[in-house]
Amino acid sequence: MAQKVRNKVAWVVFVLLAIGIGLYPLIYIFATEDFGILMNKSNDLLSNTVWKIAFYGHISFGGLALLVGWSQFIRKLRAKRLNLHRNLGKIYVISALVSGLCGIYLGFFATGGIVSSIGFISLGLIWLFTTLRAYTAIKNKDLSLHQGMMIYSYAACFAAVTLRIWLPLLTIILGEFVLAYKIVAWLCWVPNMIFAHLWVRKKGLNLA
């Protein structure tokens with residue numbers, strides 16, 4: 001009984017974090033360029049049209065992916081509302097691909113130089129790969145591979161949440177934003193992938 005309660009609490013926290021950070025990009029619509037991560041970007045970069053399109057594309061579609069992605073793990077939704085599950089899945093896939101591609105481009109301009117760039121570009125590539133694998137798997141009716149890759153895909157997507165948890169904490173602890181950002185470029189997603197791997201193994205999903 002205690003384990004079930006803990007699982008329900010963990011699920012509620014997980015969903016609330018996904019929704020909260022999923023809605024977070026709305027702040028940028030009404031904020032000035034002196035808000036959030038934009039405060040650490042140069043004027044040249046902020047005036048670059050391609051970069052700005054990629055930035056807003058990344059956070060907007062990334063937020064949408066966060067907002068709908070968690071629903072894909074609700075068993076009752078899959079069992080009773082399969083069409084809704086599929087439609088939400090399509091929204092997630094499109095959003096993840098757009099946000100992932102934009103994220104890879106943005107990675108080349110990441111604060112902190114090559115360490116941050118490699119971290120975020122790697123995250124983007126993993127997100128794209130696992131999302132595409134999940135999509136092709138379900139098209140081929142490989143349910144086990146689909147479920148496993150969706151776990152990895154959303155774990156990559158959830159890096160948007162873990163980044164916003166770790167970054168302020170590390171900035172306070174280290175007393176330096178850039179160093180904290182370099183670490184978070186990896187810390188925001190590597191533990192997520194480890195958790196996803198353990199989850200996939202626990203469920204006994206075949207990813208071969």
# chains A, B, ... in the order shown; residues from 1 in each chain; ligands from 1
$ select_by_dssp --residues "segment 9-208 of chain A" --states "alpha helix (DSSP H)" --output "compact mmCIF listing (two decimals) with N, CA and C atoms, in the first residue's frame"
# COMPACT_ATOMS: atom_id res chain seq x y z
N VAL A 9 2.13 9.54 -5.81
CA VAL A 9 2.70 10.86 -5.51
C VAL A 9 3.77 11.21 -6.55
N ALA A 10 4.64 10.25 -6.85
CA ALA A 10 5.70 10.47 -7.85
C ALA A 10 5.09 10.80 -9.21
N TRP A 11 4.00 10.10 -9.56
CA TRP A 11 3.33 10.34 -10.84
C TRP A 11 2.74 11.75 -10.90
N VAL A 12 2.09 12.15 -9.82
CA VAL A 12 1.48 13.49 -9.76
C VAL A 12 2.55 14.57 -9.89
N VAL A 13 3.66 14.40 -9.17
CA VAL A 13 4.76 15.37 -9.24
C VAL A 13 5.33 15.41 -10.66
N PHE A 14 5.50 14.23 -11.25
CA PHE A 14 6.02 14.10 -12.62
C PHE A 14 5.13 14.87 -13.60
N VAL A 15 3.82 14.67 -13.50
CA VAL A 15 2.88 15.32 -14.42
C VAL A 15 2.85 16.83 -14.19
N LEU A 16 2.83 17.25 -12.94
CA LEU A 16 2.80 18.69 -12.64
C LEU A 16 4.04 19.40 -13.15
N LEU A 17 5.20 18.76 -13.00
CA LEU A 17 6.44 19.33 -13.52
C LEU A 17 6.40 19.43 -15.05
N ALA A 18 5.90 18.38 -15.69
CA ALA A 18 5.80 18.38 -17.14
C ALA A 18 4.88 19.49 -17.63
N ILE A 19 3.74 19.66 -16.99
CA ILE A 19 2.80 20.70 -17.39
C ILE A 19 3.36 22.08 -17.08
N GLY A 20 3.95 22.23 -15.90
CA GLY A 20 4.49 23.53 -15.50
C GLY A 20 5.58 24.02 -16.44
N ILE A 21 6.54 23.16 -16.74
CA ILE A 21 7.62 23.55 -17.65
C ILE A 21 7.12 23.57 -19.09
N GLY A 22 6.12 22.77 -19.39
CA GLY A 22 5.54 22.80 -20.73
C GLY A 22 4.90 24.15 -21.04
N LEU A 23 4.35 24.78 -20.01
CA LEU A 23 3.73 26.11 -20.18
C LEU A 23 4.74 27.24 -20.04
N LEU A 26 5.53 30.17 -22.56
CA LEU A 26 4.59 31.27 -22.73
C LEU A 26 5.13 32.57 -22.14
N ILE A 27 5.98 32.43 -21.12
CA ILE A 27 6.55 33.62 -20.49
C ILE A 27 7.39 34.41 -21.48
N TYR A 28 8.09 33.70 -22.37
CA TYR A 28 8.96 34.37 -23.34
C TYR A 28 8.18 35.20 -24.35
N ILE A 29 6.92 34.83 -24.55
CA ILE A 29 6.11 35.58 -25.51
C ILE A 29 5.86 37.00 -25.01
N PHE A 30 5.72 37.13 -23.69
CA PHE A 30 5.39 38.43 -23.11
C PHE A 30 6.60 39.12 -22.49
N ASN A 43 24.25 40.50 -28.14
CA ASN A 43 23.33 41.26 -28.97
C ASN A 43 23.35 40.78 -30.41
N ASP A 44 24.52 40.36 -30.88
CA ASP A 44 24.62 39.85 -32.26
C ASP A 44 23.76 38.60 -32.44
N LEU A 45 23.81 37.73 -31.44
CA LEU A 45 23.03 36.49 -31.53
C LEU A 45 21.54 36.78 -31.42
N LEU A 46 21.18 37.69 -30.54
CA LEU A 46 19.77 38.03 -30.35
C LEU A 46 19.18 38.72 -31.57
N THR A 49 18.17 36.44 -37.04
CA THR A 49 16.80 35.96 -37.30
C THR A 49 16.69 34.44 -37.25
N VAL A 50 17.65 33.75 -37.86
CA VAL A 50 17.62 32.28 -37.88
C VAL A 50 17.72 31.72 -36.47
N TRP A 51 18.61 32.30 -35.67
CA TRP A 51 18.77 31.83 -34.28
C TRP A 51 17.48 32.05 -33.50
N LYS A 52 16.84 33.21 -33.69
CA LYS A 52 15.62 33.52 -32.94
C LYS A 52 14.48 32.57 -33.36
N ILE A 53 14.39 32.26 -34.64
CA ILE A 53 13.37 31.31 -35.10
C ILE A 53 13.62 29.95 -34.47
N ALA A 54 14.88 29.53 -34.46
CA ALA A 54 15.23 28.23 -33.86
C ALA A 54 14.94 28.23 -32.37
N PHE A 55 15.25 29.34 -31.70
CA PHE A 55 15.04 29.42 -30.25
C PHE A 55 13.55 29.29 -29.91
N TYR A 56 12.74 30.10 -30.56
CA TYR A 56 11.31 30.07 -30.25
C TYR A 56 10.65 28.78 -30.75
N GLY A 57 11.17 28.23 -31.84
CA GLY A 57 10.69 26.93 -32.31
C GLY A 57 11.01 25.83 -31.31
N HIS A 58 12.22 25.90 -30.76
CA HIS A 58 12.67 24.89 -29.79
C HIS A 58 11.84 24.92 -28.52
N ILE A 59 11.66 26.10 -27.94
CA ILE A 59 10.95 26.16 -26.66
C ILE A 59 9.45 25.96 -26.84
N SER A 60 8.89 26.43 -27.96
CA SER A 60 7.44 26.30 -28.17
C SER A 60 7.05 24.84 -28.42
N PHE A 61 7.71 24.21 -29.38
CA PHE A 61 7.36 22.82 -29.68
C PHE A 61 7.87 21.88 -28.60
N GLY A 62 8.97 22.25 -27.93
CA GLY A 62 9.44 21.45 -26.80
C GLY A 62 8.43 21.48 -25.66
N GLY A 63 7.86 22.65 -25.43
CA GLY A 63 6.83 22.79 -24.40
C GLY A 63 5.60 21.96 -24.74
N LEU A 64 5.21 21.97 -26.01
CA LEU A 64 4.06 21.18 -26.45
C LEU A 64 4.33 19.69 -26.29
N ALA A 65 5.55 19.27 -26.61
CA ALA A 65 5.92 17.86 -26.44
C ALA A 65 5.82 17.45 -24.97
N LEU A 66 6.28 18.32 -24.09
CA LEU A 66 6.18 18.05 -22.65
C LEU A 66 4.72 17.95 -22.21
N LEU A 67 3.89 18.83 -22.74
CA LEU A 67 2.49 18.89 -22.32
C LEU A 67 1.70 17.66 -22.71
N VAL A 68 2.00 17.06 -23.87
CA VAL A 68 1.22 15.92 -24.33
C VAL A 68 1.92 14.58 -24.11
N GLY A 69 3.24 14.60 -23.97
CA GLY A 69 4.00 13.36 -23.91
C GLY A 69 3.69 12.46 -22.74
N ARG A 75 -2.11 3.89 -19.15
CA ARG A 75 -2.63 2.63 -19.71
C ARG A 75 -4.11 2.72 -20.06
N LYS A 76 -4.89 3.34 -19.19
CA LYS A 76 -6.34 3.44 -19.43
C LYS A 76 -6.64 4.23 -20.69
N LEU A 77 -5.82 5.24 -20.97
CA LEU A 77 -6.03 6.04 -22.17
C LEU A 77 -5.76 5.19 -23.41
N ARG A 78 -4.70 4.40 -23.36
CA ARG A 78 -4.38 3.52 -24.49
C ARG A 78 -5.47 2.46 -24.69
N ALA A 79 -6.02 1.96 -23.58
CA ALA A 79 -6.99 0.88 -23.67
C ALA A 79 -8.38 1.36 -24.09
N LYS A 80 -8.81 2.51 -23.57
CA LYS A 80 -10.18 2.97 -23.79
C LYS A 80 -10.31 4.06 -24.85
N LEU A 82 -8.01 4.75 -27.71
CA LEU A 82 -6.83 4.49 -28.54
C LEU A 82 -6.61 5.58 -29.59
N ASN A 83 -7.69 6.07 -30.19
CA ASN A 83 -7.55 7.12 -31.20
C ASN A 83 -6.98 8.40 -30.61
N LEU A 84 -7.42 8.73 -29.39
CA LEU A 84 -6.87 9.91 -28.71
C LEU A 84 -5.40 9.70 -28.40
N HIS A 85 -5.07 8.51 -27.95
CA HIS A 85 -3.66 8.17 -27.68
C HIS A 85 -2.82 8.35 -28.94
N ARG A 86 -3.32 7.88 -30.05
CA ARG A 86 -2.58 7.97 -31.32
C ARG A 86 -2.44 9.42 -31.78
N ASN A 87 -3.52 10.19 -31.66
CA ASN A 87 -3.46 11.60 -32.09
C ASN A 87 -2.51 12.41 -31.22
N LEU A 88 -2.55 12.19 -29.91
CA LEU A 88 -1.61 12.87 -29.02
C LEU A 88 -0.18 12.42 -29.33
N GLY A 89 -0.03 11.16 -29.68
CA GLY A 89 1.29 10.65 -30.05
C GLY A 89 1.84 11.33 -31.29
N LYS A 90 0.97 11.57 -32.26
CA LYS A 90 1.40 12.25 -33.48
C LYS A 90 1.83 13.69 -33.18
N ILE A 91 1.06 14.35 -32.30
CA ILE A 91 1.43 15.71 -31.90
C ILE A 91 2.78 15.69 -31.22
N TYR A 92 2.99 14.70 -30.35
CA TYR A 92 4.28 14.60 -29.64
C TYR A 92 5.42 14.40 -30.63
N VAL A 93 5.26 13.48 -31.57
CA VAL A 93 6.33 13.17 -32.51
C VAL A 93 6.70 14.40 -33.34
N ILE A 94 5.70 15.08 -33.88
CA ILE A 94 5.97 16.28 -34.69
C ILE A 94 6.65 17.35 -33.84
N SER A 95 6.14 17.57 -32.64
CA SER A 95 6.71 18.58 -31.75
C SER A 95 8.14 18.24 -31.38
N ALA A 96 8.39 16.96 -31.06
CA ALA A 96 9.73 16.53 -30.67
C ALA A 96 10.72 16.69 -31.82
N LEU A 97 10.29 16.37 -33.03
CA LEU A 97 11.20 16.48 -34.17
C LEU A 97 11.55 17.94 -34.46
N VAL A 98 10.55 18.81 -34.42
CA VAL A 98 10.80 20.24 -34.67
C VAL A 98 11.70 20.81 -33.58
N SER A 99 11.32 20.55 -32.33
CA SER A 99 12.10 21.08 -31.21
C SER A 99 13.50 20.50 -31.18
N GLY A 100 13.61 19.21 -31.47
CA GLY A 100 14.92 18.56 -31.48
C GLY A 100 15.85 19.13 -32.54
N LEU A 101 15.33 19.33 -33.73
CA LEU A 101 16.14 19.91 -34.81
C LEU A 101 16.58 21.33 -34.46
N CYS A 102 15.66 22.11 -33.94
CA CYS A 102 16.00 23.47 -33.52
C CYS A 102 17.02 23.45 -32.39
N GLY A 103 16.87 22.48 -31.48
CA GLY A 103 17.78 22.37 -30.36
C GLY A 103 19.20 22.03 -30.80
N ILE A 104 19.33 21.18 -31.80
CA ILE A 104 20.65 20.83 -32.32
C ILE A 104 21.33 22.07 -32.90
N TYR A 105 20.57 22.85 -33.65
CA TYR A 105 21.12 24.08 -34.21
C TYR A 105 21.55 25.03 -33.09
N LEU A 106 20.70 25.20 -32.10
CA LEU A 106 21.02 26.10 -30.98
C LEU A 106 22.23 25.62 -30.20
N GLY A 107 22.45 24.31 -30.20
CA GLY A 107 23.57 23.75 -29.46
C GLY A 107 24.91 24.30 -29.89
N ILE A 114 32.32 24.64 -26.17
CA ILE A 114 32.24 23.30 -26.75
C ILE A 114 31.69 22.25 -25.79
N VAL A 115 31.97 22.40 -24.49
CA VAL A 115 31.46 21.44 -23.51
C VAL A 115 29.94 21.45 -23.49
N SER A 116 29.37 22.64 -23.42
CA SER A 116 27.92 22.77 -23.45
C SER A 116 27.34 22.36 -24.80
N SER A 117 28.03 22.77 -25.86
CA SER A 117 27.55 22.47 -27.21
C SER A 117 27.43 20.97 -27.44
N ILE A 118 28.47 20.23 -27.11
CA ILE A 118 28.43 18.78 -27.32
C ILE A 118 27.34 18.14 -26.47
N GLY A 119 27.18 18.63 -25.25
CA GLY A 119 26.14 18.09 -24.38
C GLY A 119 24.75 18.27 -24.96
N PHE A 120 24.42 19.48 -25.39
CA PHE A 120 23.08 19.76 -25.90
C PHE A 120 22.85 19.17 -27.28
N ILE A 121 23.88 19.15 -28.12
CA ILE A 121 23.74 18.53 -29.44
C ILE A 121 23.52 17.03 -29.30
N SER A 122 24.23 16.41 -28.37
CA SER A 122 24.03 14.98 -28.10
C SER A 122 22.61 14.71 -27.65
N LEU A 123 22.11 15.56 -26.77
CA LEU A 123 20.73 15.42 -26.30
C LEU A 123 19.76 15.51 -27.47
N GLY A 124 19.96 16.49 -28.33
CA GLY A 124 19.08 16.66 -29.48
C GLY A 124 19.08 15.45 -30.40
N LEU A 125 20.27 14.91 -30.65
CA LEU A 125 20.39 13.75 -31.54
C LEU A 125 19.70 12.52 -30.92
N ILE A 126 19.88 12.33 -29.62
CA ILE A 126 19.25 11.20 -28.93
C ILE A 126 17.73 11.34 -28.97
N TRP A 127 17.25 12.56 -28.74
CA TRP A 127 15.80 12.81 -28.77
C TRP A 127 15.22 12.50 -30.15
N LEU A 128 15.90 12.97 -31.19
CA LEU A 128 15.42 12.71 -32.55
C LEU A 128 15.44 11.21 -32.85
N PHE A 129 16.54 10.55 -32.52
CA PHE A 129 16.69 9.13 -32.84
C PHE A 129 15.63 8.29 -32.14
N THR A 130 15.48 8.49 -30.83
CA THR A 130 14.53 7.66 -30.07
C THR A 130 13.09 7.94 -30.48
N THR A 131 12.79 9.19 -30.82
CA THR A 131 11.43 9.53 -31.25
C THR A 131 11.11 8.88 -32.59
N LEU A 132 12.04 8.97 -33.52
CA LEU A 132 11.83 8.35 -34.84
C LEU A 132 11.73 6.84 -34.73
N ARG A 133 12.56 6.24 -33.86
CA ARG A 133 12.51 4.79 -33.65
C ARG A 133 11.18 4.38 -33.04
N ALA A 134 10.68 5.17 -32.12
CA ALA A 134 9.39 4.87 -31.50
C ALA A 134 8.27 4.93 -32.55
N TYR A 135 8.35 5.92 -33.43
CA TYR A 135 7.33 6.09 -34.46
C TYR A 135 7.38 4.96 -35.49
N THR A 136 8.57 4.65 -35.99
CA THR A 136 8.68 3.57 -36.99
C THR A 136 8.33 2.22 -36.38
N ALA A 137 8.63 2.05 -35.10
CA ALA A 137 8.32 0.78 -34.44
C ALA A 137 6.82 0.53 -34.39
N ILE A 138 6.05 1.56 -34.04
CA ILE A 138 4.60 1.36 -33.95
C ILE A 138 4.00 1.20 -35.34
N LYS A 139 4.59 1.84 -36.34
CA LYS A 139 4.13 1.65 -37.71
C LYS A 139 4.36 0.21 -38.16
N LEU A 143 5.28 -3.32 -30.72
CA LEU A 143 4.83 -2.59 -29.54
C LEU A 143 5.90 -2.47 -28.47
N SER A 144 6.68 -3.52 -28.30
CA SER A 144 7.72 -3.51 -27.27
C SER A 144 8.78 -2.45 -27.57
N LEU A 145 9.25 -2.42 -28.81
CA LEU A 145 10.24 -1.43 -29.21
C LEU A 145 9.66 -0.03 -29.13
N HIS A 146 8.40 0.11 -29.53
CA HIS A 146 7.74 1.42 -29.47
C HIS A 146 7.69 1.95 -28.04
N GLN A 147 7.25 1.10 -27.12
CA GLN A 147 7.14 1.54 -25.73
C GLN A 147 8.50 1.87 -25.14
N GLY A 148 9.49 1.06 -25.44
CA GLY A 148 10.84 1.31 -24.92
C GLY A 148 11.43 2.60 -25.44
N MET A 149 11.29 2.84 -26.74
CA MET A 149 11.84 4.05 -27.32
C MET A 149 11.08 5.29 -26.89
N MET A 150 9.78 5.15 -26.62
CA MET A 150 9.02 6.29 -26.11
C MET A 150 9.49 6.67 -24.71
N ILE A 151 9.87 5.67 -23.92
CA ILE A 151 10.40 5.96 -22.59
C ILE A 151 11.69 6.76 -22.72
N TYR A 152 12.58 6.32 -23.60
CA TYR A 152 13.83 7.05 -23.82
C TYR A 152 13.57 8.44 -24.40
N SER A 153 12.64 8.52 -25.33
CA SER A 153 12.34 9.80 -25.97
C SER A 153 11.82 10.82 -24.96
N TYR A 154 10.87 10.38 -24.13
CA TYR A 154 10.32 11.35 -23.17
C TYR A 154 11.32 11.67 -22.06
N ALA A 155 12.21 10.73 -21.77
CA ALA A 155 13.28 11.01 -20.81
C ALA A 155 14.17 12.12 -21.34
N ALA A 156 14.42 12.11 -22.66
CA ALA A 156 15.19 13.18 -23.28
C ALA A 156 14.41 14.48 -23.26
N CYS A 157 13.12 14.40 -23.56
CA CYS A 157 12.25 15.58 -23.53
C CYS A 157 12.21 16.19 -22.13
N ALA A 159 14.38 16.50 -20.07
CA ALA A 159 15.59 17.26 -19.75
C ALA A 159 15.28 18.73 -19.57
N ALA A 160 14.21 19.21 -20.23
CA ALA A 160 13.80 20.60 -20.06
C ALA A 160 13.40 20.88 -18.62
N VAL A 161 12.86 19.86 -17.96
CA VAL A 161 12.46 19.99 -16.56
C VAL A 161 13.68 19.89 -15.65
N THR A 162 14.47 18.84 -15.84
CA THR A 162 15.62 18.62 -14.96
C THR A 162 16.65 19.74 -15.10
N LEU A 163 16.76 20.33 -16.28
CA LEU A 163 17.66 21.47 -16.46
C LEU A 163 17.27 22.61 -15.54
N ARG A 164 15.97 22.87 -15.46
CA ARG A 164 15.49 24.00 -14.66
C ARG A 164 15.49 23.70 -13.17
N ILE A 165 15.69 22.45 -12.82
CA ILE A 165 15.87 22.10 -11.41
C ILE A 165 17.34 22.22 -11.02
N TRP A 166 18.21 21.66 -11.88
CA TRP A 166 19.64 21.64 -11.57
C TRP A 166 20.34 22.98 -11.71
N LEU A 167 19.97 23.74 -12.75
CA LEU A 167 20.71 24.96 -13.06
C LEU A 167 20.72 25.98 -11.92
N PRO A 168 19.59 26.33 -11.34
CA PRO A 168 19.64 27.30 -10.23
C PRO A 168 20.37 26.74 -9.01
N LEU A 169 20.21 25.44 -8.75
CA LEU A 169 20.89 24.82 -7.61
C LEU A 169 22.40 24.87 -7.77
N LEU A 170 22.88 24.47 -8.95
CA LEU A 170 24.32 24.47 -9.18
C LEU A 170 24.89 25.88 -9.25
N THR A 171 24.12 26.81 -9.78
CA THR A 171 24.58 28.20 -9.84
C THR A 171 24.79 28.74 -8.43
N ILE A 172 23.88 28.40 -7.52
CA ILE A 172 24.02 28.83 -6.12
C ILE A 172 25.21 28.14 -5.46
N ILE A 173 25.33 26.82 -5.68
CA ILE A 173 26.39 26.05 -5.05
C ILE A 173 27.77 26.46 -5.55
N LEU A 174 27.89 26.60 -6.87
CA LEU A 174 29.19 26.92 -7.48
C LEU A 174 29.48 28.41 -7.52
N PHE A 177 27.53 30.97 -13.03
CA PHE A 177 26.51 30.48 -13.96
C PHE A 177 27.12 29.65 -15.09
N VAL A 178 28.19 30.13 -15.71
CA VAL A 178 28.74 29.45 -16.88
C VAL A 178 29.21 28.04 -16.54
N LEU A 179 29.91 27.88 -15.43
CA LEU A 179 30.37 26.56 -15.00
C LEU A 179 29.17 25.65 -14.73
N ALA A 180 28.16 26.21 -14.06
CA ALA A 180 26.95 25.43 -13.77
C ALA A 180 26.27 25.00 -15.07
N TYR A 181 26.27 25.88 -16.05
CA TYR A 181 25.62 25.60 -17.32
C TYR A 181 26.34 24.49 -18.08
N LYS A 182 27.66 24.50 -18.02
CA LYS A 182 28.44 23.43 -18.67
C LYS A 182 28.11 22.07 -18.08
N ILE A 183 27.98 22.03 -16.77
CA ILE A 183 27.65 20.77 -16.09
C ILE A 183 26.23 20.35 -16.42
N VAL A 184 25.31 21.30 -16.38
CA VAL A 184 23.89 21.01 -16.62
C VAL A 184 23.64 20.56 -18.05
N ALA A 185 24.48 20.97 -18.99
CA ALA A 185 24.35 20.54 -20.38
C ALA A 185 24.40 19.02 -20.49
N TRP A 186 24.99 18.38 -19.51
CA TRP A 186 25.06 16.92 -19.44
C TRP A 186 24.18 16.35 -18.34
N LEU A 187 24.16 17.03 -17.21
CA LEU A 187 23.42 16.54 -16.04
C LEU A 187 21.91 16.55 -16.28
N VAL A 190 21.69 12.98 -18.93
CA VAL A 190 22.36 11.69 -18.72
C VAL A 190 21.68 10.86 -17.63
N PRO A 191 21.39 11.43 -16.44
CA PRO A 191 20.66 10.66 -15.42
C PRO A 191 19.27 10.22 -15.92
N ASN A 192 18.63 11.05 -16.74
CA ASN A 192 17.33 10.69 -17.30
C ASN A 192 17.44 9.42 -18.15
N MET A 193 18.52 9.34 -18.95
CA MET A 193 18.72 8.17 -19.79
C MET A 193 19.00 6.92 -18.95
N ILE A 194 19.72 7.10 -17.87
CA ILE A 194 19.99 5.97 -16.97
C ILE A 194 18.68 5.48 -16.35
N PHE A 195 17.86 6.43 -15.91
CA PHE A 195 16.55 6.07 -15.34
C PHE A 195 15.69 5.36 -16.38
N ALA A 196 15.70 5.88 -17.61
CA ALA A 196 14.92 5.27 -18.69
C ALA A 196 15.39 3.84 -18.95
N HIS A 197 16.71 3.64 -18.94
CA HIS A 197 17.27 2.31 -19.16
C HIS A 197 16.79 1.33 -18.08
N LEU A 198 16.81 1.78 -16.83
CA LEU A 198 16.36 0.93 -15.73
C LEU A 198 14.87 0.63 -15.84
N TRP A 199 14.09 1.63 -16.27
CA TRP A 199 12.65 1.46 -16.45
C TRP A 199 12.36 0.44 -17.56
N VAL A 200 13.07 0.57 -18.66
CA VAL A 200 12.89 -0.35 -19.78
C VAL A 200 13.23 -1.78 -19.36
N ARG A 201 14.32 -1.94 -18.62
CA ARG A 201 14.71 -3.26 -18.14
C ARG A 201 13.67 -3.84 -17.19
N LYS A 202 13.14 -2.99 -16.30
CA LYS A 202 12.14 -3.45 -15.34
C LYS A 202 10.89 -3.93 -16.04
N LYS A 203 10.50 -3.25 -17.12
CA LYS A 203 9.31 -3.63 -17.87
C LYS A 203 9.58 -4.81 -18.79
$ atom_distance --atom1 "atom CA of Phe158 of chain A" --atom2 "atom CA of Asn140 of chain A"
26.1 Å
$ decode --residues "segment 109-131 of chain A" --atoms "N, CA and C atoms" --output "compact mmCIF listing (two decimals), in the first residue's frame"
# COMPACT_ATOMS: atom_id res chain seq x y z
N PHE A 109 25.59 27.23 -30.52
CA PHE A 109 25.76 28.57 -29.95
C PHE A 109 25.59 28.57 -28.44
N ALA A 110 25.64 27.38 -27.84
CA ALA A 110 25.36 27.26 -26.40
C ALA A 110 26.34 28.04 -25.55
N THR A 111 25.84 28.65 -24.49
CA THR A 111 26.68 29.32 -23.49
C THR A 111 27.61 28.29 -22.86
N GLY A 112 28.89 28.64 -22.74
CA GLY A 112 29.84 27.71 -22.14
C GLY A 112 30.75 27.02 -23.14
N GLY A 113 30.55 27.31 -24.43
CA GLY A 113 31.46 26.78 -25.44
C GLY A 113 31.24 25.31 -25.79
N ILE A 114 32.32 24.64 -26.17
CA ILE A 114 32.24 23.30 -26.75
C ILE A 114 31.69 22.25 -25.79
N VAL A 115 31.97 22.40 -24.49
CA VAL A 115 31.46 21.44 -23.51
C VAL A 115 29.94 21.45 -23.49
N SER A 116 29.37 22.64 -23.42
CA SER A 116 27.92 22.77 -23.45
C SER A 116 27.34 22.36 -24.80
N SER A 117 28.03 22.77 -25.86
CA SER A 117 27.55 22.47 -27.21
C SER A 117 27.43 20.97 -27.44
N ILE A 118 28.47 20.23 -27.11
CA ILE A 118 28.43 18.78 -27.32
C ILE A 118 27.34 18.14 -26.47
N GLY A 119 27.18 18.63 -25.25
CA GLY A 119 26.14 18.09 -24.38
C GLY A 119 24.75 18.27 -24.96
N PHE A 120 24.42 19.48 -25.39
CA PHE A 120 23.08 19.76 -25.90
C PHE A 120 22.85 19.17 -27.28
N ILE A 121 23.88 19.15 -28.12
CA ILE A 121 23.74 18.53 -29.44
C ILE A 121 23.52 17.03 -29.30
N SER A 122 24.23 16.41 -28.37
CA SER A 122 24.03 14.98 -28.10
C SER A 122 22.61 14.71 -27.65
N LEU A 123 22.11 15.56 -26.77
CA LEU A 123 20.73 15.42 -26.30
C LEU A 123 19.76 15.51 -27.47
N GLY A 124 19.96 16.49 -28.33
CA GLY A 124 19.08 16.66 -29.48
C GLY A 124 19.08 15.45 -30.40
N LEU A 125 20.27 14.91 -30.65
CA LEU A 125 20.39 13.75 -31.54
C LEU A 125 19.70 12.52 -30.92
N ILE A 126 19.88 12.33 -29.62
CA ILE A 126 19.25 11.20 -28.93
C ILE A 126 17.73 11.34 -28.97
N TRP A 127 17.25 12.56 -28.74
CA TRP A 127 15.80 12.81 -28.77
C TRP A 127 15.22 12.50 -30.15
N LEU A 128 15.90 12.97 -31.19
CA LEU A 128 15.42 12.71 -32.55
C LEU A 128 15.44 11.21 -32.85
N PHE A 129 16.54 10.55 -32.52
CA PHE A 129 16.69 9.13 -32.84
C PHE A 129 15.63 8.29 -32.14
N THR A 130 15.48 8.49 -30.83
CA THR A 130 14.53 7.66 -30.07
C THR A 130 13.09 7.94 -30.48
N THR A 131 12.79 9.19 -30.82
CA THR A 131 11.43 9.53 -31.25
C THR A 131 11.11 8.88 -32.59
